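Engineer: Structure file entry-v1.cif, mmCIF, C-alpha atoms (C1' of nucleotides), is pasted below:
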data_entry
loop_
_atom_site.label_atom_id
_atom_site.label_comp_id
_atom_site.auth_asym_id
_atom_site.auth_seq_id
_atom_site.Cartn_x
_atom_site.Cartn_y
_atom_site.Cartn_z
CA MET A 1 -10.67 -31.22 32.06
CA ALA A 2 -12.29 -27.98 33.16
CA GLY A 3 -13.43 -24.73 31.59
CA ARG A 4 -16.49 -23.21 30.04
CA PRO A 5 -18.21 -25.64 27.67
CA ARG A 6 -18.20 -25.13 23.92
CA LYS A 7 -21.29 -23.69 22.38
CA PHE A 8 -20.62 -25.30 18.99
CA LYS A 9 -19.99 -28.71 17.49
CA GLU A 10 -16.95 -28.74 15.29
CA ASP A 11 -18.48 -30.75 12.47
CA GLU A 12 -21.45 -28.43 12.32
CA VAL A 13 -19.49 -25.20 12.05
CA ILE A 14 -17.18 -26.71 9.44
CA GLN A 15 -20.20 -27.83 7.49
CA LYS A 16 -21.58 -24.29 7.61
CA ALA A 17 -18.26 -22.78 6.57
CA CYS A 18 -18.16 -25.25 3.74
CA ASP A 19 -21.46 -23.97 2.39
CA VAL A 20 -20.08 -20.45 2.29
CA PHE A 21 -16.74 -21.35 0.69
CA TRP A 22 -18.44 -23.62 -1.79
CA GLU A 23 -20.81 -20.88 -2.85
CA LYS A 24 -18.39 -17.95 -2.99
CA GLY A 25 -14.93 -19.41 -3.26
CA TYR A 26 -12.07 -18.57 -0.90
CA ALA A 27 -11.35 -14.91 -1.62
CA ALA A 28 -14.94 -13.70 -1.78
CA ALA A 29 -15.96 -15.39 1.46
CA SER A 30 -15.37 -12.76 4.13
CA SER A 31 -14.84 -13.58 7.78
CA GLU A 32 -18.12 -11.80 8.45
CA ASP A 33 -19.91 -14.21 6.12
CA LEU A 34 -18.21 -17.19 7.66
CA LEU A 35 -18.65 -16.29 11.31
CA GLN A 36 -22.28 -15.46 10.79
CA ALA A 37 -22.95 -18.76 9.03
CA MET A 38 -21.03 -20.63 11.71
CA ASN A 39 -22.79 -18.64 14.41
CA MET A 40 -19.51 -18.03 16.15
CA GLY A 41 -17.86 -14.98 17.64
CA LYS A 42 -14.34 -13.95 16.72
CA GLY A 43 -13.06 -14.98 20.12
CA SER A 44 -14.09 -18.59 19.75
CA PHE A 45 -13.16 -18.71 16.12
CA TYR A 46 -9.54 -17.62 16.46
CA LEU A 47 -9.12 -19.75 19.56
CA HIS A 48 -10.07 -22.89 17.68
CA PHE A 49 -8.69 -22.04 14.25
CA LYS A 50 -5.36 -20.51 15.14
CA ASP A 51 -4.42 -19.74 11.56
CA GLY A 52 -7.72 -18.14 10.76
CA LYS A 53 -9.36 -18.24 7.38
CA GLU A 54 -6.76 -20.35 5.64
CA GLU A 55 -6.83 -23.05 8.30
CA LEU A 56 -10.61 -23.07 8.19
CA PHE A 57 -10.52 -23.52 4.43
CA LYS A 58 -8.13 -26.44 4.71
CA ARG A 59 -10.29 -28.10 7.32
CA THR A 60 -13.30 -27.48 5.15
CA LEU A 61 -11.68 -29.08 2.12
CA ASP A 62 -10.62 -32.07 4.21
CA PHE A 63 -14.06 -32.42 5.67
CA ARG A 64 -15.99 -32.20 2.43
CA ALA A 65 -13.61 -34.36 0.42
CA LYS A 66 -13.39 -37.12 3.00
CA GLN A 67 -17.13 -37.06 3.46
CA SER A 68 -17.80 -37.30 -0.27
CA LEU A 69 -15.22 -40.01 -0.85
CA GLN A 70 -16.58 -41.98 2.07
CA LYS A 71 -20.09 -41.84 0.67
CA ILE A 72 -18.85 -43.08 -2.66
CA ARG A 73 -16.82 -45.88 -1.13
CA THR A 74 -19.81 -46.99 0.89
CA ARG A 75 -22.05 -47.06 -2.15
CA LEU A 76 -19.47 -49.09 -4.01
CA ALA A 77 -19.11 -51.52 -1.13
CA GLU A 78 -22.84 -52.10 -0.99
CA THR A 79 -23.63 -52.62 -4.65
CA ASN A 80 -23.23 -55.61 -6.90
CA ASN A 81 -22.67 -53.40 -9.93
CA LYS A 82 -19.90 -50.94 -9.19
CA VAL A 83 -19.64 -49.70 -12.75
CA GLU A 84 -23.28 -48.66 -12.63
CA VAL A 85 -22.59 -46.69 -9.44
CA LEU A 86 -19.79 -44.87 -11.22
CA LYS A 87 -22.12 -43.90 -14.01
CA SER A 88 -24.71 -42.73 -11.52
CA LEU A 89 -22.21 -40.36 -9.93
CA PHE A 90 -21.99 -38.54 -13.22
CA HIS A 91 -25.66 -38.52 -14.02
CA GLU A 92 -26.54 -37.26 -10.56
CA ARG A 93 -24.24 -34.29 -11.02
CA LEU A 94 -26.38 -33.17 -13.95
CA ASN A 95 -29.62 -33.58 -12.05
CA THR A 96 -28.83 -31.52 -8.96
CA GLU A 97 -31.53 -29.39 -7.44
CA GLU A 98 -31.98 -25.88 -8.75
CA TYR A 99 -30.40 -24.45 -5.64
CA PHE A 100 -27.10 -26.21 -6.21
CA LYS A 101 -26.97 -25.94 -9.94
CA ASN A 102 -24.26 -23.30 -9.97
CA TYR A 103 -22.10 -24.76 -7.25
CA GLY A 104 -20.05 -27.22 -9.23
CA CYS A 105 -17.34 -29.39 -7.73
CA PHE A 106 -15.72 -27.82 -4.70
CA LEU A 107 -12.39 -29.46 -5.50
CA GLY A 108 -12.37 -28.38 -9.13
CA ASN A 109 -13.39 -24.86 -8.17
CA THR A 110 -10.53 -24.69 -5.69
CA ILE A 111 -7.97 -25.84 -8.23
CA VAL A 112 -9.12 -23.08 -10.56
CA GLU A 113 -9.10 -20.37 -7.91
CA MET A 114 -5.86 -21.35 -6.23
CA SER A 115 -3.64 -22.32 -9.15
CA ASN A 116 -1.63 -19.14 -9.06
CA LEU A 117 -2.47 -17.92 -5.57
CA ASN A 118 -1.82 -20.62 -3.02
CA ALA A 119 0.04 -23.73 -4.09
CA GLU A 120 -0.69 -25.56 -0.84
CA LEU A 121 -4.46 -25.22 -1.15
CA LYS A 122 -4.37 -26.06 -4.82
CA GLU A 123 -2.34 -29.20 -4.13
CA LEU A 124 -4.69 -30.20 -1.36
CA ALA A 125 -7.67 -30.00 -3.70
CA ALA A 126 -5.74 -31.83 -6.42
CA HIS A 127 -4.79 -34.50 -3.91
CA TYR A 128 -8.41 -35.30 -3.13
CA LEU A 129 -9.47 -35.19 -6.75
CA LYS A 130 -6.72 -37.69 -7.47
CA GLN A 131 -8.18 -39.89 -4.76
CA LEU A 132 -11.46 -39.83 -6.63
CA GLU A 133 -9.58 -40.80 -9.77
CA GLN A 134 -7.98 -43.61 -7.79
CA VAL A 135 -11.40 -44.90 -6.77
CA PHE A 136 -12.43 -44.87 -10.42
CA GLU A 137 -9.29 -46.77 -11.32
CA GLU A 138 -9.90 -49.50 -8.78
CA VAL A 139 -13.46 -50.06 -9.93
CA ILE A 140 -12.36 -50.22 -13.54
CA SER A 141 -9.51 -52.58 -12.78
CA GLU A 142 -11.80 -54.98 -10.99
CA ALA A 143 -14.45 -54.72 -13.69
CA GLN A 144 -11.92 -55.59 -16.36
CA GLU A 145 -10.82 -58.65 -14.43
CA ASN A 146 -14.46 -59.71 -14.17
CA LYS A 147 -15.04 -59.02 -17.86
CA ARG A 148 -17.73 -56.49 -17.05
CA ILE A 149 -15.99 -53.83 -19.13
CA SER A 150 -14.99 -54.59 -22.67
CA SER A 151 -12.41 -51.82 -23.06
CA THR A 152 -8.89 -53.12 -22.58
CA LYS A 153 -7.33 -49.71 -22.10
CA PRO A 154 -5.32 -49.35 -18.88
CA PRO A 155 -7.50 -48.58 -15.84
CA ARG A 156 -5.32 -45.58 -15.16
CA PHE A 157 -6.14 -44.26 -18.60
CA ILE A 158 -9.87 -44.82 -18.32
CA ALA A 159 -9.90 -43.26 -14.86
CA ARG A 160 -8.31 -40.09 -16.14
CA TYR A 161 -10.72 -40.08 -19.04
CA LEU A 162 -13.55 -40.08 -16.51
CA ILE A 163 -11.99 -37.38 -14.35
CA ASN A 164 -11.67 -35.21 -17.41
CA ILE A 165 -15.39 -35.58 -18.10
CA TRP A 166 -16.07 -34.85 -14.44
CA ASN A 167 -14.05 -31.67 -14.58
CA GLY A 168 -15.58 -30.69 -17.88
CA MET A 169 -19.07 -30.97 -16.48
CA ASN A 170 -18.09 -28.64 -13.67
CA ILE A 171 -17.82 -25.80 -16.17
CA THR A 172 -20.01 -26.88 -19.09
CA LYS A 173 -22.96 -27.37 -16.74
CA ARG A 174 -22.80 -23.70 -15.83
CA MET A 175 -22.54 -22.41 -19.39
CA ASN A 176 -26.08 -23.24 -20.42
CA GLY A 177 -29.56 -22.98 -19.01
CA SER A 178 -30.42 -26.54 -19.88
CA ASN A 179 -28.34 -29.66 -19.38
CA ASP A 180 -30.20 -31.71 -21.97
CA ILE A 181 -27.48 -31.89 -24.58
CA LEU A 182 -24.76 -32.29 -21.97
CA LYS A 183 -26.61 -35.27 -20.52
CA GLU A 184 -26.54 -36.97 -23.90
CA VAL A 185 -22.88 -36.07 -24.35
CA VAL A 186 -21.91 -37.53 -21.01
CA GLY A 187 -24.02 -40.58 -21.75
CA LEU A 188 -21.98 -41.18 -24.87
CA GLN A 189 -18.69 -40.52 -23.14
CA LEU A 190 -19.56 -43.01 -20.42
CA GLN A 191 -19.93 -45.75 -23.00
CA ILE A 192 -16.26 -46.37 -22.36
CA LEU A 193 -17.57 -48.21 -19.29
CA ASP A 194 -19.79 -50.60 -21.31
CA MET B 1 -9.72 17.83 -30.69
CA ALA B 2 -7.51 19.35 -28.03
CA GLY B 3 -6.05 18.36 -24.70
CA ARG B 4 -3.04 16.66 -23.23
CA PRO B 5 -2.17 13.52 -25.19
CA ARG B 6 -2.65 10.08 -23.73
CA LYS B 7 0.38 8.36 -22.37
CA PHE B 8 -1.07 4.88 -22.99
CA LYS B 9 -2.53 2.86 -25.81
CA GLU B 10 -5.82 1.33 -24.87
CA ASP B 11 -5.09 -2.09 -26.35
CA GLU B 12 -1.82 -2.29 -24.50
CA VAL B 13 -3.17 -1.50 -21.06
CA ILE B 14 -6.07 -3.89 -21.55
CA GLN B 15 -3.61 -6.55 -22.57
CA LYS B 16 -1.61 -5.92 -19.42
CA ALA B 17 -4.72 -6.00 -17.24
CA CYS B 18 -5.68 -9.22 -18.93
CA ASP B 19 -2.43 -10.84 -17.82
CA VAL B 20 -3.15 -9.92 -14.21
CA PHE B 21 -6.78 -11.04 -14.23
CA TRP B 22 -5.89 -14.22 -16.04
CA GLU B 23 -3.25 -15.09 -13.49
CA LYS B 24 -5.09 -14.15 -10.30
CA GLY B 25 -8.76 -14.08 -11.14
CA TYR B 26 -11.05 -11.13 -10.49
CA ALA B 27 -11.21 -10.91 -6.71
CA ALA B 28 -7.52 -11.45 -6.02
CA ALA B 29 -6.36 -8.88 -8.58
CA SER B 30 -6.06 -5.64 -6.62
CA SER B 31 -6.21 -2.24 -8.23
CA GLU B 32 -2.60 -1.79 -7.15
CA ASP B 33 -1.64 -4.89 -9.14
CA LEU B 34 -3.60 -3.75 -12.14
CA LEU B 35 -2.48 -0.13 -12.22
CA GLN B 36 1.13 -1.12 -11.82
CA ALA B 37 0.93 -3.65 -14.64
CA MET B 38 -0.89 -1.13 -16.82
CA ASN B 39 1.58 1.57 -15.82
CA MET B 40 -1.26 3.97 -15.18
CA GLY B 41 -2.09 6.34 -12.35
CA LYS B 42 -5.46 6.34 -10.66
CA GLY B 43 -6.40 9.63 -12.30
CA SER B 44 -6.12 8.31 -15.81
CA PHE B 45 -7.57 4.97 -14.90
CA TYR B 46 -10.82 6.19 -13.43
CA LEU B 47 -11.18 8.78 -16.16
CA HIS B 48 -11.08 6.15 -18.87
CA PHE B 49 -12.76 3.29 -17.03
CA LYS B 50 -15.58 5.08 -15.28
CA ASP B 51 -16.91 1.98 -13.55
CA GLY B 52 -13.51 0.94 -12.30
CA LYS B 53 -12.42 -2.62 -11.81
CA GLU B 54 -15.59 -4.28 -13.03
CA GLU B 55 -15.64 -2.31 -16.27
CA LEU B 56 -11.98 -3.12 -16.82
CA PHE B 57 -12.68 -6.79 -16.32
CA LYS B 58 -15.50 -6.72 -18.85
CA ARG B 59 -13.33 -4.96 -21.38
CA THR B 60 -10.59 -7.47 -20.69
CA LEU B 61 -12.90 -10.42 -21.27
CA ASP B 62 -14.18 -8.86 -24.49
CA PHE B 63 -10.68 -8.17 -25.67
CA ARG B 64 -9.22 -11.57 -24.95
CA ALA B 65 -12.22 -13.53 -26.20
CA LYS B 66 -12.56 -11.61 -29.44
CA GLN B 67 -8.85 -11.84 -30.04
CA SER B 68 -8.77 -15.59 -29.48
CA LEU B 69 -11.86 -16.26 -31.56
CA GLN B 70 -10.47 -14.13 -34.34
CA LYS B 71 -7.21 -16.05 -34.38
CA ILE B 72 -9.13 -19.31 -34.58
CA ARG B 73 -11.39 -18.08 -37.36
CA THR B 74 -8.38 -16.91 -39.31
CA ARG B 75 -6.65 -20.25 -38.98
CA LEU B 76 -9.80 -22.00 -40.12
CA ALA B 77 -10.16 -19.70 -43.10
CA GLU B 78 -6.60 -20.35 -44.21
CA THR B 79 -6.46 -24.13 -43.94
CA ASN B 80 -7.70 -26.87 -46.21
CA ASN B 81 -8.30 -29.19 -43.28
CA LYS B 82 -10.44 -27.44 -40.71
CA VAL B 83 -10.97 -30.54 -38.61
CA GLU B 84 -7.24 -30.85 -38.15
CA VAL B 85 -7.10 -27.26 -36.94
CA LEU B 86 -9.75 -28.06 -34.36
CA LYS B 87 -7.70 -30.97 -33.11
CA SER B 88 -4.63 -28.78 -32.95
CA LEU B 89 -6.41 -26.30 -30.70
CA PHE B 90 -6.77 -29.03 -28.12
CA HIS B 91 -3.29 -30.45 -28.43
CA GLU B 92 -1.74 -27.01 -28.18
CA ARG B 93 -3.50 -26.41 -24.89
CA LEU B 94 -1.63 -29.35 -23.42
CA ASN B 95 1.72 -28.20 -24.73
CA THR B 96 1.78 -24.68 -23.37
CA GLU B 97 4.99 -23.23 -22.07
CA GLU B 98 5.87 -23.83 -18.45
CA TYR B 99 5.03 -20.25 -17.60
CA PHE B 100 1.45 -20.55 -18.69
CA LYS B 101 0.83 -24.07 -17.52
CA ASN B 102 -1.33 -23.05 -14.59
CA TYR B 103 -3.31 -20.35 -16.33
CA GLY B 104 -6.03 -22.42 -17.94
CA CYS B 105 -8.86 -20.96 -20.00
CA PHE B 106 -9.72 -17.42 -18.99
CA LEU B 107 -13.36 -17.94 -19.90
CA GLY B 108 -13.71 -21.18 -17.98
CA ASN B 109 -11.95 -19.70 -14.97
CA THR B 110 -14.34 -16.75 -15.01
CA ILE B 111 -17.41 -18.99 -15.13
CA VAL B 112 -16.13 -20.84 -12.09
CA GLU B 113 -15.26 -17.72 -10.13
CA MET B 114 -18.36 -15.72 -11.00
CA SER B 115 -21.11 -18.34 -10.92
CA ASN B 116 -22.48 -17.20 -7.59
CA LEU B 117 -20.96 -13.75 -7.38
CA ASN B 118 -21.70 -11.76 -10.51
CA ALA B 119 -24.23 -13.11 -12.97
CA GLU B 120 -23.39 -10.52 -15.61
CA LEU B 121 -19.70 -11.44 -15.75
CA LYS B 122 -20.47 -15.13 -15.64
CA GLU B 123 -22.91 -14.76 -18.53
CA LEU B 124 -20.40 -12.74 -20.52
CA ALA B 125 -17.80 -15.48 -20.19
CA ALA B 126 -20.40 -18.13 -21.00
CA HIS B 127 -21.44 -16.12 -24.04
CA TYR B 128 -17.95 -16.19 -25.51
CA LEU B 129 -17.42 -19.84 -24.68
CA LYS B 130 -20.66 -20.58 -26.53
CA GLN B 131 -19.24 -18.71 -29.49
CA LEU B 132 -16.30 -21.08 -29.47
CA GLU B 133 -18.76 -23.96 -29.36
CA GLN B 134 -20.54 -22.36 -32.31
CA VAL B 135 -17.30 -22.28 -34.29
CA PHE B 136 -16.80 -25.97 -33.53
CA GLU B 137 -20.33 -26.68 -34.68
CA GLU B 138 -19.86 -24.93 -38.01
CA VAL B 139 -16.67 -26.81 -38.76
CA ILE B 140 -18.28 -30.11 -37.87
CA SER B 141 -21.36 -29.37 -39.93
CA GLU B 142 -19.30 -28.59 -43.00
CA ALA B 143 -17.06 -31.61 -42.47
CA GLN B 144 -20.04 -33.90 -42.30
CA GLU B 145 -21.40 -32.50 -45.56
CA ASN B 146 -18.01 -33.13 -47.14
CA LYS B 147 -17.87 -36.63 -45.68
CA ARG B 148 -14.67 -35.79 -43.83
CA ILE B 149 -16.17 -36.90 -40.52
CA SER B 150 -17.80 -40.29 -40.25
CA SER B 151 -19.88 -39.59 -37.14
CA THR B 152 -23.47 -38.77 -38.00
CA LYS B 153 -24.31 -37.30 -34.62
CA PRO B 154 -25.75 -33.78 -34.76
CA PRO B 155 -23.05 -31.08 -35.07
CA ARG B 156 -24.53 -29.37 -32.04
CA PHE B 157 -23.97 -32.55 -30.07
CA ILE B 158 -20.40 -33.08 -31.19
CA ALA B 159 -19.61 -29.43 -30.54
CA ARG B 160 -20.76 -29.69 -26.96
CA TYR B 161 -18.82 -32.90 -26.60
CA LEU B 162 -15.72 -30.98 -27.60
CA ILE B 163 -16.44 -28.06 -25.31
CA ASN B 164 -16.80 -30.47 -22.43
CA ILE B 165 -13.36 -31.89 -23.17
CA TRP B 166 -12.03 -28.34 -23.44
CA ASN B 167 -13.44 -27.42 -20.04
CA GLY B 168 -12.25 -30.66 -18.53
CA MET B 169 -8.69 -30.00 -19.66
CA ASN B 170 -8.83 -26.63 -17.93
CA ILE B 171 -8.94 -28.38 -14.57
CA THR B 172 -7.41 -31.80 -15.23
CA LYS B 173 -4.31 -30.19 -16.67
CA ARG B 174 -3.67 -28.48 -13.36
CA MET B 175 -4.18 -31.58 -11.22
CA ASN B 176 -1.04 -33.38 -12.28
CA GLY B 177 2.59 -32.59 -12.87
CA SER B 178 2.65 -34.35 -16.19
CA ASN B 179 0.14 -34.16 -19.02
CA ASP B 180 1.22 -37.42 -20.63
CA ILE B 181 -1.84 -39.49 -19.78
CA LEU B 182 -4.18 -36.59 -20.40
CA LYS B 183 -2.71 -36.17 -23.87
CA GLU B 184 -3.57 -39.76 -24.69
CA VAL B 185 -7.02 -39.34 -23.19
CA VAL B 186 -7.76 -36.28 -25.26
CA GLY B 187 -6.37 -38.02 -28.31
CA LEU B 188 -8.90 -40.78 -27.84
CA GLN B 189 -11.75 -38.39 -27.18
CA LEU B 190 -10.94 -36.46 -30.33
CA GLN B 191 -11.45 -39.60 -32.40
CA ILE B 192 -15.04 -38.45 -32.64
CA LEU B 193 -13.65 -36.14 -35.32
CA ASP B 194 -12.22 -38.97 -37.43
"C1'" DC C 1 -0.28 33.97 -26.94
"C1'" DA C 2 -4.66 32.88 -24.62
"C1'" DT C 3 -8.10 29.67 -23.95
"C1'" DA C 4 -10.44 25.48 -23.93
"C1'" DT C 5 -9.77 20.81 -23.40
"C1'" DT C 6 -8.03 16.52 -22.13
"C1'" DA C 7 -4.81 13.67 -19.40
"C1'" DT C 8 -1.89 12.89 -15.41
"C1'" DG C 9 -0.15 12.24 -10.59
"C1'" DT C 10 -0.92 12.54 -5.82
"C1'" DA C 11 -3.12 13.19 -1.70
"C1'" DC C 12 -7.02 11.84 0.44
"C1'" DT C 13 -11.39 9.10 2.10
"C1'" DG C 14 -14.56 5.94 3.95
"C1'" DT C 15 -15.19 0.99 4.15
"C1'" DT C 16 -13.97 -3.62 4.64
"C1'" DT C 17 -10.53 -6.75 5.58
"C1'" DG C 18 -8.41 -10.41 8.58
"C1'" DG C 19 -6.87 -10.56 13.03
"C1'" DT C 20 -5.81 -9.34 18.37
"C1'" DA C 21 -6.58 -8.03 23.29
"C1'" DC C 22 -8.92 -8.76 27.07
"C1'" DA C 23 -12.51 -8.78 30.40
"C1'" DA C 24 -16.50 -11.55 31.46
"C1'" DT C 25 -18.42 -16.16 31.93
"C1'" DA C 26 -19.17 -21.00 32.73
"C1'" DT C 27 -17.50 -25.17 33.83
"C1'" DT C 28 -14.39 -29.09 36.67
"C1'" DA C 29 -11.37 -30.47 40.29
"C1'" DT C 30 -9.87 -29.79 44.97
"C1'" DA D 1 -16.27 -22.20 48.23
"C1'" DT D 2 -12.53 -21.33 45.36
"C1'" DA D 3 -8.79 -22.00 42.24
"C1'" DA D 4 -7.74 -23.44 37.71
"C1'" DT D 5 -9.11 -23.68 33.12
"C1'" DA D 6 -11.43 -23.22 28.82
"C1'" DT D 7 -14.79 -20.54 26.02
"C1'" DT D 8 -17.19 -16.52 24.72
"C1'" DG D 9 -18.37 -11.74 23.16
"C1'" DT D 10 -16.93 -7.18 22.28
"C1'" DA D 11 -14.06 -3.50 21.56
"C1'" DC D 12 -10.32 -2.50 19.12
"C1'" DC D 13 -6.49 -2.27 15.32
"C1'" DA D 14 -3.51 -1.62 11.39
"C1'" DA D 15 -3.44 -2.61 6.58
"C1'" DA D 16 -5.53 -3.00 2.22
"C1'" DC D 17 -9.29 -1.99 -0.49
"C1'" DA D 18 -11.77 0.48 -4.35
"C1'" DG D 19 -12.65 4.89 -5.45
"C1'" DT D 20 -12.70 10.50 -5.42
"C1'" DA D 21 -10.97 15.34 -5.47
"C1'" DC D 22 -8.24 18.35 -7.35
"C1'" DA D 23 -4.18 20.87 -8.63
"C1'" DT D 24 -0.93 20.44 -12.41
"C1'" DA D 25 0.60 19.55 -17.10
"C1'" DA D 26 0.43 19.13 -22.09
"C1'" DT D 27 -1.70 19.59 -26.19
"C1'" DA D 28 -5.04 21.87 -30.32
"C1'" DT D 29 -7.40 25.71 -31.90
"C1'" DG D 30 -8.43 30.57 -32.58
#
Go through the file and emit its structure as structure tokens.
Structural biologist:
Amino acid sequence: MAGRPRKFKEDEVIQKACDVFWEKGYAAASSEDLLQAMNMGKGSFYLHFKDGKEELFKRTLDFRAKQSLQKIRTRLAETNNKVEVLKSLFHERLNTEEYFKNYGCFLGNTIVEMSNLNAELKELAAHYLKQLEQVFEEVISEAQENKRISSTKPPRFIARYLINIWNGMNITKRMNGSNDILKEVVGLQLQILD
Amino acid sequence: MAGRPRKFKEDEVIQKACDVFWEKGYAAASSEDLLQAMNMGKGSFYLHFKDGKEELFKRTLDFRAKQSLQKIRTRLAETNNKVEVLKSLFHERLNTEEYFKNYGCFLGNTIVEMSNLNAELKELAAHYLKQLEQVFEEVISEAQENKRISSTKPPRFIARYLINIWNGMNITKRMNGSNDILKEVVGLQLQILD
DNA sequence: CATATTATGTACTGTTTGGTACAATATTAT
DNA sequence: ATAATATTGTACCAAACAGTACATAATATG
């Protein structure tokens, strides 16, 4: 193993790229924007991301989605009230800092942008969002067995119900200045978990 | 009034542009794409849409939103069961033809794409989506007065509840090959109108 | 028919785009 | 030291982009 040492850490530059893609979407994020945020020259960039912008976006989606899912799984593993954690995930999304208030869900945004442009990227985002749904389903299934949820609807059904609220919030949150009414709405919708 | 006659009808070219923007979004719709679909040369285009692509997009949003809202208002005016019409709007969205299945709601798509790129366009889309919410609210308000809805929650609240389902469907619909479960989910969520 | 007026089509322009070529540089192994 | 190797920075490139300039064409009016 020889050669000039890398100036960058892979996780860090992907994190930076993620910020840019998350803010602007795929098309509107120029390579200028990305390279500047990653603090990388073109030479290094195209050496490490052979397929350029599209590869970077894929890696970014993978990184963010796995990171987020991991955080959620950890929280669920550490709590004694998993249903409450699920509810918190929703409430937290409506209480994000001012800076992030327009960012929405990176996966949902990608599905919207890519639906008719790049089937592979759309499917990748859908894949990870389905994993989130799967996590919901497992929690619900277990909670039903433990009689912590009174609804007897199939876990699969309740999980999709939740994902639909999740996706709704992604857009509704950005329609209005205040989230007050939406918070109440989501509170009611989450009663399916009582 | 003199001069060479126009080759195009304004409504028709805006309709065509709408198809392109709806399919690809703002950024990914090139002027080539648009002009070809509109069957217009650059000369005519920039004469009639002085501010180019952005003006066209605004006009397109106006056109589509007003058209859709008008259709809905007409249906509501002609029925004797307005609540049922509301429900139909949702069900129809999950039964669109194969061709349109990935298109989603033009207004919701625009809010997602423009949130951090163009505040004016985002606000315009949000404005029209709020008008839809307003229509929901009026129907609900009247239905409560007529005791056709049992929920006593504020109409404003129920309307936002519906809009959140609407926005959720925009993304959830495109996550999965089949809409079967989502149809049941939405059916349950719409019970708030019973 | 002449003129004013409006619309059209095409050639052109400067900028930005994503991406490549390649020489210079910094390391490890021999 | 030096050869081999991996990374970096910069200059470059062709294509696509949104938009302009302008000569030509088709009408209404006097």
Engineer: Could you list the residues in chain C lying within 6 Å of chain A, using all atoms listed in the file, and format the result as a list in words?
Structural biologist: DA26, DT27 and DT28 of chain C
Engineer: Identify, on the basis of only C-alpha atoms (C1' of nucleotides), every residue whose closest approach to DT10 (chain C) does not exceed 12 Å; exclude the query and any residue fewer than 5 positions from it along the same chain; express the result as a list in words.
Structural biologist: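 Counting only the stated atoms, we get Gly41, Lys42 and Gly43 of chain B; DT20, DA21, DC22, DA23 and DT24 of chain D.
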Engineer: What are the closest atom pairs, with distances in Å to one decimal, for each residue of chain D lying within 6 Å of chain B, using only C-alpha atoms (C1' of nucleotides), rows by chain and rising residue number, as JSON lines?
Structural biologist:
{"residue": "D:DA26", "atom": "C1'", "partner": "B:Arg4", "partner_atom": "CA", "distance": 4.4}
{"residue": "D:DT27", "atom": "C1'", "partner": "B:Arg4", "partner_atom": "CA", "distance": 4.4}
{"residue": "D:DA28", "atom": "C1'", "partner": "B:Ala2", "partner_atom": "CA", "distance": 4.2}
Engineer: Please identify all polymer residues within 10 Å of DA25 (chain D), counting all atoms listed in the file, omitting same-chain residues fewer than 6 positions from it, and present them as an MDAnalysis selection string.
Structural biologist: (chainID B and resid 4) or (chainID C and resid 7:9)
Engineer: Go through chain B residue by residue and, counting all atoms listed in the file, keep those with an atom at most 6 Å from chain A; for each kept residue give the shortest atom pair and its distance in Å to one decimal, ordered by chain and increasing number, as CSV.
Structural biologist:
residue,atom,partner,partner_atom,distance
B:Asn102,CA,A:Ser115,CA,6.0
B:Ser115,CA,A:Asn102,CA,6.0
B:Ala126,CA,A:Met175,CA,5.0
B:Tyr161,CA,A:Val185,CA,5.6
B:Asn164,CA,A:Gly168,CA,4.7
B:Ile165,CA,A:Gly168,CA,5.9
B:Asn167,CA,A:Gly168,CA,4.5
B:Gly168,CA,A:Gly168,CA,3.4
B:Thr172,CA,A:Asn164,CA,5.9
B:Met175,CA,A:Ala126,CA,5.1
B:Val185,CA,A:Tyr161,CA,5.6
Engineer: Quick one: of B:Lys183, B:Arg73, B:Lys50, B:Arg59, who's nearest to Val13 (chain B), counting only C-alpha atoms?
Structural biologist: B:Arg59
Engineer: Which polymer residues have any atom within 10 Å of an atom of DT30 (chain C), counting only C-alpha atoms (C1' of nucleotides), with same-chain residues fewer than 6 positions away left out, as a VMD selection string?
Structural biologist: chain D and resid 2 to 4
Engineer: Let me make sure I understand: among B:Val135, B:Leu121, B:Leu47, B:Ala29, which one has the smallest atom-to-atom distance to Gln70 (chain B) if we use all atoms listed in the file?
Structural biologist: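 Going through B:Val135, B:Leu121, B:Leu47, B:Ala29 one by one, the smallest distance to Gln70 (chain B) is for B:Val135.
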Engineer: The PyMOL selection byres ((chain B and resi 10) around 12) - which residues does that actually catch in the file I just gave you? List them as a list in words.
Structural biologist: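 On this input, the PyMOL selection byres ((chain B and resi 10) around 12) captures Arg6, Lys7, Phe8, Lys9, Asp11, Glu12, Val13, Ile14, Gln15, Lys16, Ala17, Met38, Asn39, Met40, Ser44, Phe45, His48, Phe49, Leu56, Arg59, Thr60 and Phe63 of chain B.
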Engineer: What does the distance between CA of Arg93 (chain B) and CA of Gly177 (chain A) come to in Å, to one decimal place?
Structural biologist: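 For CA of Arg93 (chain B) relative to CA of Gly177 (chain A), the distance reads 26.9 Å.
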Engineer: With a distance cut-off of 12 Å and only C-alpha atoms (C1' of nucleotides), select the neighbouring residues of DC13 (chain D), excluding the residue or stretch itself and same-chain residues fewer than 5 positions from it, and output the selection as a count of residues only.
Structural biologist: 5
Engineer: Using only C-alpha atoms (C1' of nucleotides), determine which residues lie at most 9 Å from region 148-152 of chain A, disregarding the query and same-chain residues fewer than 3 positions distant; provide the list as a VMD selection string.
Structural biologist: chain A and resid 83 140 142 to 145 155 158 192 to 194
Engineer: Could you tell me how far CA of Ala77 (chain A) sits from CA of Leu132 (chain A), in Å to one decimal place?
Structural biologist: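 Pair CA of Leu132 (chain A) / CA of Ala77 (chain A) returns 15.0 Å.
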